[in-house]
Amino acid sequence: MTAGDQRSWVDQALHEHDEHERLDELERHAGGRRQLPLADPEQQVLDRIDRARRRRPRVREERITMSHGAGGKATQTLIEAVFLDAFRNPLLEPLEDAAELTINGTRLALTTDSYVVKPLFFPGGDIGDLAVNGTVNDLSVAGATPLYLSAGFILEEGFPVADLSRVVESMAAAAAAAGVRIVTGDTKVVEKGKADGCYINTAGVGLIERDVTLGAARARPGDAIIVSGPIGDHGITIMLARGELDIEADISSDTAPLNGLVAELLNAVPSVRAMRDATRGGVATILNEIAKAANVGVLVSEDDIPVRAEVRGASELLGIDPMYVACEGRLVAVVPGEEADHAVAAMRGHPLGEQAAIIGHVRAEQPGIVQLKTAFGGTRIVDLLVGDPLPRIC
Amino acid sequence: MRFVDEFRDADKARALAAKIAALCEPGRRYKLMEVCGGHTHTIYKHGLEDYLPEAIQLVHGPGCPVCVIPMGRVDDAIHLASQPDVIMTSFGDMMRVPGSGGSFFDANAEGTSIRMVYSPLDSLKIARQNPDKQVVFMAIGFETTAPSTAMTMLRAAREGLTNFSVFCNHVTIVPAIKAILDSPDLRLDGFIGPGHVSTVIGCRPYEFIASQYGKPVVTAGFEPLDILQSIYMLMVQLSQGRSEVENQYSRVVPWDGNQAALRAINETMELRPYFEWRGLGFISHSALKVREKYAAMDAELLFAVPGVRVADPKACQCGEVLKGVLKPWECKVFGTACTPETPIGTCMVSPEGACAAYYNFGRMNRNRVPEAQVTRA
């Protein structure tokens with residue numbers, strides 16, 4: 001990017017700003033559908049920002065930066081402005097963890113995910129576990145029983161075969177534990193320096209047998225928000241495993257298949273509205289997706305969110321918020337308020353849900369915004385993450 | 001978690017809120033500036049304003065190290081990083097700060113190698129591992145981070161490393177506070193003094209604020225109760241008509257600072273005649289450069305640095321925000337053209353920047369706790 005280009009995007013952003021100001025002004029005078037009461041000036045600014053945020057996203061960068069892979073705002077913008085724009089169809093559009101397909105009356109879920117975690121081996125698992133569990137979980141939270149997986153390997157010239165065998169054995173064990181089979185695959189090798197050891201892509205197919213309809217857009221005011229256990233274990237483990245921080249903690253990744261836990265939950269509470277597994281971007285990102293998809297407000301309480309002391313400690317030291325840190329074996333569920341206790345009890349009956357907790361609820365006020373009641377007793381917004389505190393976490 | 005939860009106790013906060021509200025004189029409005037960006041972050045992150053009566057307004061000050069770096073210096077850094085065989089290291093906060101030709105992240109996408117480090121000492125590790133490269137540390141920050149840069153230089157000298165240098169952008173806090181006090185467009189009642197800076201320089205350098213300008217200063221810690229207590233201490237001084245320097249953060253801040261750290265800074269760095277601050281313009285004797293004795297580690301001497309002055313985009317009002325003249329949302333482009341995703345100004349980049357803190361955490365209707373609402377009309 002040259003200095004001229006930078007100037008042009010700033011100019012363009014400012015130009016768009018003026019343009020929208022003018023349109024807002026016209027709308028106000030025309031007494032259109034958004035009649036703006038001339039509230040206090042701060043509220044007017046908040047309304048203006050709200051409108052700006054609802055506009056069609058655009059990728060301003062000329063090249064991909066690490067932020068585009070971080071799971072936060074830039075990732076979302078990239079997906080909506082580039083991929084969704086090109087591939088748009090009703091199955092893709094909900095942007096759920098897995099797409100739901102109906103073939104000859106049979107409901108299937110299909111998903112895919114690539115794994116580029118660094119380091120490849122870490123306390124509690126390795127890239128192999130992750131590649132199986134991640135895809136199993138994307139299918140599970142779509143309400144499907146995971147059945148078949150594919151596995152694609154991109155290997156760097158010089159990568160030790162012993163390491164590959166170890167990764168593949170982990171995949172086989174994880175597949176057996178989750179009750180899925182790896183039925184097709186692909187192998188590519190690239191020159192030394194063109195990849196970092198080993199990348200894996202898995203895709204998965206599952207069968208939706210239950211009569212459930214899930215989706216973030218189904219959240220309604222009064223619904224409860226539940227997490228299945230302590231958050232942030234995976235992200236902090238990876239960060240510490242890189243050994244760049246000289247912090248040691250007795251903590252390991254939570255990577256695990258969630259299909260068993262999901263089955264327990266759906267058996268007990270078939271009226272679950274939505275589930276997501278809290279990977280990149282963490283619980284905060286999911287809450288924002290729910291608020292946006294259903295156009296509702298979300299209020300969660302910091303005191304109620306389970307976080308291990310080690311994760312909290314490391315996050316405090318590093319200046320990151322556990323709400324944004326990735327998990328690989330935790331889900332967030334939205335259930336009707338009256339079913340909340342029942343759902344928590346059901347989840348606690350499963351080993352992976354022992355510390356399940358209600359962390360907040362959905363409300364009509366402040367649609368599109370996630371608010372946190374802090375442990376200190378104040379309130380703040382929990383927005384989508386900008387930038388990239390932890391690259392290549394999964 | 002011990003040593004953290006004690007300082008986030010909601011019951012104690014409510015009790016303090018009631019005492020603060022009781023000290024407000026009817027009809028009087030109070031403007032208190034938190035100088036340090038770390039405080040701004042704490043205030044928003046914990047929702048501290050819920051505990052303050054409407055009569056007390058917190059004004060966010062210039063103590064955000066990333067926010068005060070002018071665009072030209074970012075351009076200079078990217079120019080350095082684009083030289084052959086250079087690896088630049090930088091704190092994470094700096095990575096997204098826009099220069100006139102984009103940020104460090106954009107530069108990396110174009111081929112530079114600018115790596116994020118948590119400590120300047122990590123740069124030495126990189127220098128040892130890459131003997132055929134020149135490793136340049138982008139040093140930023142107030143007196144808080146200057147000692148760690150100094151210690152890194154001293155260690156590099158001791159190890160005889162010849163491929164490590166520093167692009168020094170360290171600034172000093174007192175001239176910035178003085179510039180704000182002398183600014184005609186702002187009337188402040190008191191200062192929440194910077195905590196981390198004071199661990200190094202102590203509280204004594206602020207005495208002129210109390211004695212010459214008649215404004216109380218309370219040096220504060222970084223947990224929300226620290227800040228609330230400091231506000232209470234300021235309100236007590238104001239209600240008694242006193243203006244003194246007090247130390248709320250005495251568990252960490254020695255009155256005379258950390259002499260060892262000051263010696264390390266003094267050994268390796270000296271004041272520049274002048275330095276450009278974003279939004280505040282050129283301030284004399286407000287920044288540090290590498291001392292001649294360590295010229296072999298001064299990136300500004302080792303490489304040709306263009307040193308071009310780049311004017312901020314016209315619409316950007318970071319300067320007014322840094323001085324506390326404008327609240328973040330009063331800037332014309334706040335939240336529409338300028339967002340954390342595509343920041344035009346630096347205040348929107350760092351988590352310590354006032355605009356980013358307000359945008360990320362405070363962009364909502366606030367419900368004050370009952371204790372803060374009991375002020376008399």
# chains A, B, ... in the order shown; residues from 1 in each chain; ligands from 1

$ residues_around --residues "Leu120 in chain A" --least-positions-apart "2" --cutoff "12 Å" --atoms "only C-alpha atoms" --output "PyMOL selection string"
chain A and resi 115-118+122-131+159+163-164+166-168+170+196-200+238+241-242+392-394

$ interface_residues --of "chain A" --to "chain B" --cutoff "7 Å" --atoms "only C-alpha atoms" --output "list of chain:residue names"
A:Met1, A:Thr2, A:Ala3, A:Gln6, A:Arg7, A:Val10, A:Ala13, A:Leu14, A:His17, A:Glu42, A:Val45, A:Leu46, A:Ile49, A:Ala52, A:Arg63, A:Ile64, A:Thr65, A:Ala309, A:Thr374, A:Ala375, A:Phe376, A:Gly377, A:Gly378, A:Thr379, A:Arg380, A:Ile381, A:Val382, A:Asp383, A:Val386

$ atom_distance --atom1 "CA of Arg88 in chain A" --atom2 "CA of Ala74 in chain A"
19.1 Å

$ atom_distance --atom1 "CA of Ile173 in chain B" --atom2 "CA of Gly38 in chain B"
13.8 Å

$ select_by_dssp --residues "range 108-348 of chain B" --states "strand (DSSP E or B)" --output "ChimeraX atom specification"
/B:114-116,134-141,164-171,190-193,217-219,245-247,269-271,274-277,281-284,287-290,298,334,338

$ write_last_selection --atoms "C-alpha atoms" --output "tab-separated table (two decimals), in the first residue's frame"
chain	number	residue	atom	x	y	z
B	114	ILE	CA	7.63	-6.67	12.26
B	115	ARG	CA	7.22	-9.07	15.16
B	116	MET	CA	5.16	-8.62	18.28
B	134	GLN	CA	19.55	-6.35	12.24
B	135	VAL	CA	16.93	-6.39	15.00
B	136	VAL	CA	15.37	-2.98	15.72
B	137	PHE	CA	13.12	-2.55	18.76
B	138	MET	CA	10.36	0.05	18.33
B	139	ALA	CA	10.54	1.57	21.81
B	140	ILE	CA	7.42	3.42	22.92
B	141	GLY	CA	5.89	4.48	26.19
B	164	PHE	CA	20.43	-4.95	18.09
B	165	SER	CA	19.27	-1.34	18.08
B	166	VAL	CA	16.45	0.81	19.43
B	167	PHE	CA	14.15	3.17	17.56
B	168	CYS	CA	13.49	5.37	20.55
B	169	ASN	CA	10.08	7.01	20.93
B	170	HIS	CA	9.94	7.22	24.71
B	171	VAL	CA	8.10	10.25	26.05
B	190	GLY	CA	-8.18	17.74	39.68
B	191	PHE	CA	-6.05	14.87	38.41
B	192	ILE	CA	-6.11	11.14	38.95
B	193	GLY	CA	-2.34	10.75	38.72
B	217	VAL	CA	-3.49	15.22	42.35
B	218	VAL	CA	-4.05	11.68	43.64
B	219	THR	CA	-1.77	9.00	42.22
B	245	VAL	CA	-0.35	15.57	45.87
B	246	GLU	CA	-1.57	12.40	47.56
B	247	ASN	CA	-0.63	8.79	46.93
B	269	MET	CA	18.92	7.93	27.25
B	270	GLU	CA	18.77	11.71	27.31
B	271	LEU	CA	16.09	14.34	26.67
B	274	TYR	CA	11.73	18.66	21.22
B	275	PHE	CA	9.39	15.90	20.02
B	276	GLU	CA	6.11	15.89	18.15
B	277	TRP	CA	3.11	14.52	20.05
B	281	GLY	CA	2.14	19.26	18.56
B	282	PHE	CA	5.81	19.83	19.35
B	283	ILE	CA	6.61	19.90	23.08
B	284	SER	CA	10.12	20.80	24.18
B	287	ALA	CA	10.90	12.80	24.91
B	288	LEU	CA	14.00	10.66	25.18
B	289	LYS	CA	16.64	9.62	22.68
B	290	VAL	CA	19.52	7.18	22.89
B	298	ASP	CA	20.57	4.05	18.03
B	334	PHE	CA	-16.32	8.73	15.85
B	338	CYS	CA	-13.32	5.87	12.48

$ residues_around --residues "range 260-267 of chain A" --least-positions-apart "3" --cutoff "6 Å" --atoms "only C-alpha atoms" --output "PyMOL selection string"
chain A and resi 270+346-347

$ atom_distance --atom1 "CA of Thr75 in chain A" --atom2 "CA of Glu62 in chain A"
14.5 Å

$ closest_residue --among "A:Ser271, A:Thr202, A:Thr102, A:Thr237" --to "His342 in chain A" --atoms "only C-alpha atoms"
A:Ser271

$ residues_around --residues "Gly360 in chain A" --least-positions-apart "5" --cutoff "9 Å" --atoms "only C-alpha atoms" --output "VMD selection string"
chain A and resid 223 to 226 298 to 301 304 to 305 372

$ residues_around --residues "Leu318 in chain A" --least-positions-apart "6" --cutoff "10 Å" --atoms "only C-alpha atoms" --output "VMD selection string"
(chain A and resid 236 245 247 312 389) or (chain B and resid 118)

$ write_last_selection --atoms "N, CA and C atoms" --output "PDB file, in the first residue's frame"
ATOM      1  N   ILE A 236      -5.607 -20.295  26.225  1.00  0.00           N
ATOM      2  CA  ILE A 236      -4.516 -19.968  27.155  1.00  0.00           C
ATOM      3  C   ILE A 236      -3.465 -21.082  27.145  1.00  0.00           C
ATOM      4  N   LEU A 245       6.238 -16.745  26.656  1.00  0.00           N
ATOM      5  CA  LEU A 245       5.836 -15.810  27.707  1.00  0.00           C
ATOM      6  C   LEU A 245       6.483 -16.081  29.059  1.00  0.00           C
ATOM      7  N   ILE A 247       5.499 -17.989  31.277  1.00  0.00           N
ATOM      8  CA  ILE A 247       4.490 -18.179  32.321  1.00  0.00           C
ATOM      9  C   ILE A 247       4.187 -19.674  32.323  1.00  0.00           C
ATOM     10  N   ARG A 312      -7.875 -17.202  34.405  1.00  0.00           N
ATOM     11  CA  ARG A 312      -8.082 -15.812  34.812  1.00  0.00           C
ATOM     12  C   ARG A 312      -6.747 -15.145  35.094  1.00  0.00           C
ATOM     13  N   PRO A 389      -5.267 -11.200  19.362  1.00  0.00           N
ATOM     14  CA  PRO A 389      -4.377 -11.425  20.487  1.00  0.00           C
ATOM     15  C   PRO A 389      -3.655 -12.768  20.389  1.00  0.00           C
TER      16      PRO A 389
ATOM     17  N   TYR B 118       6.422  -9.263  23.899  1.00  0.00           N
ATOM     18  CA  TYR B 118       5.813  -8.860  25.159  1.00  0.00           C
ATOM     19  C   TYR B 118       6.806  -8.095  26.021  1.00  0.00           C
TER      20      TYR B 118
END

$ select_by_dssp --residues "range 111-145 of chain B" --states "helix (DSSP H, G or I)" --output "PyMOL selection string"
chain B and resi 120-129

$ residues_around --residues "Ala260 in chain B" --least-positions-apart "3" --cutoff "9 Å" --atoms "only C-alpha atoms" --output "PyMOL selection string"
chain B and resi 147+200+263-265

$ write_last_selection --atoms "N, CA and C atoms" --output "CSV table (one decimal), in the first residue's frame"
chain,number,residue,atom,x,y,z
B,147,PRO,N,12.4,2.1,31.5
B,147,PRO,CA,13.5,1.3,32.2
B,147,PRO,C,13.7,0.0,31.5
B,200,VAL,N,8.0,4.6,38.7
B,200,VAL,CA,9.3,5.0,38.3
B,200,VAL,C,9.7,6.4,38.8
B,263,ARG,N,18.1,5.6,37.2
B,263,ARG,CA,19.6,5.6,36.8
B,263,ARG,C,19.8,4.9,35.5
B,264,ALA,N,19.0,3.7,35.3
B,264,ALA,CA,19.2,3.0,34.0
B,264,ALA,C,18.7,3.8,32.8
B,265,ILE,N,17.6,4.6,33.0
B,265,ILE,CA,17.2,5.5,31.9
B,265,ILE,C,18.3,6.5,31.7

$ residues_around --residues "Tyr249 in chain B" --least-positions-apart "4" --cutoff "7 Å" --atoms "only C-alpha atoms" --output "list in words"
Gly195, Thr219, Ala220, Gly221 and Val253 of chain B

$ write_last_selection --atoms "N, CA and C atoms" --output "tab-separated table (two decimals), in the first residue's frame"
chain	number	residue	atom	x	y	z
B	195	GLY	N	-0.44	5.89	37.62
B	195	GLY	CA	0.12	4.95	38.59
B	195	GLY	C	1.41	4.32	38.14
B	219	THR	N	-2.34	10.09	43.01
B	219	THR	CA	-1.77	9.00	42.22
B	219	THR	C	-2.53	7.72	42.53
B	220	ALA	N	-3.01	7.04	41.48
B	220	ALA	CA	-3.97	5.96	41.69
B	220	ALA	C	-3.49	4.63	41.12
B	221	GLY	N	-3.95	3.55	41.73
B	221	GLY	CA	-3.72	2.21	41.23
B	221	GLY	C	-4.67	1.88	40.09
B	253	VAL	N	3.74	2.55	44.69
B	253	VAL	CA	4.46	3.77	44.29
B	253	VAL	C	5.23	4.38	45.46
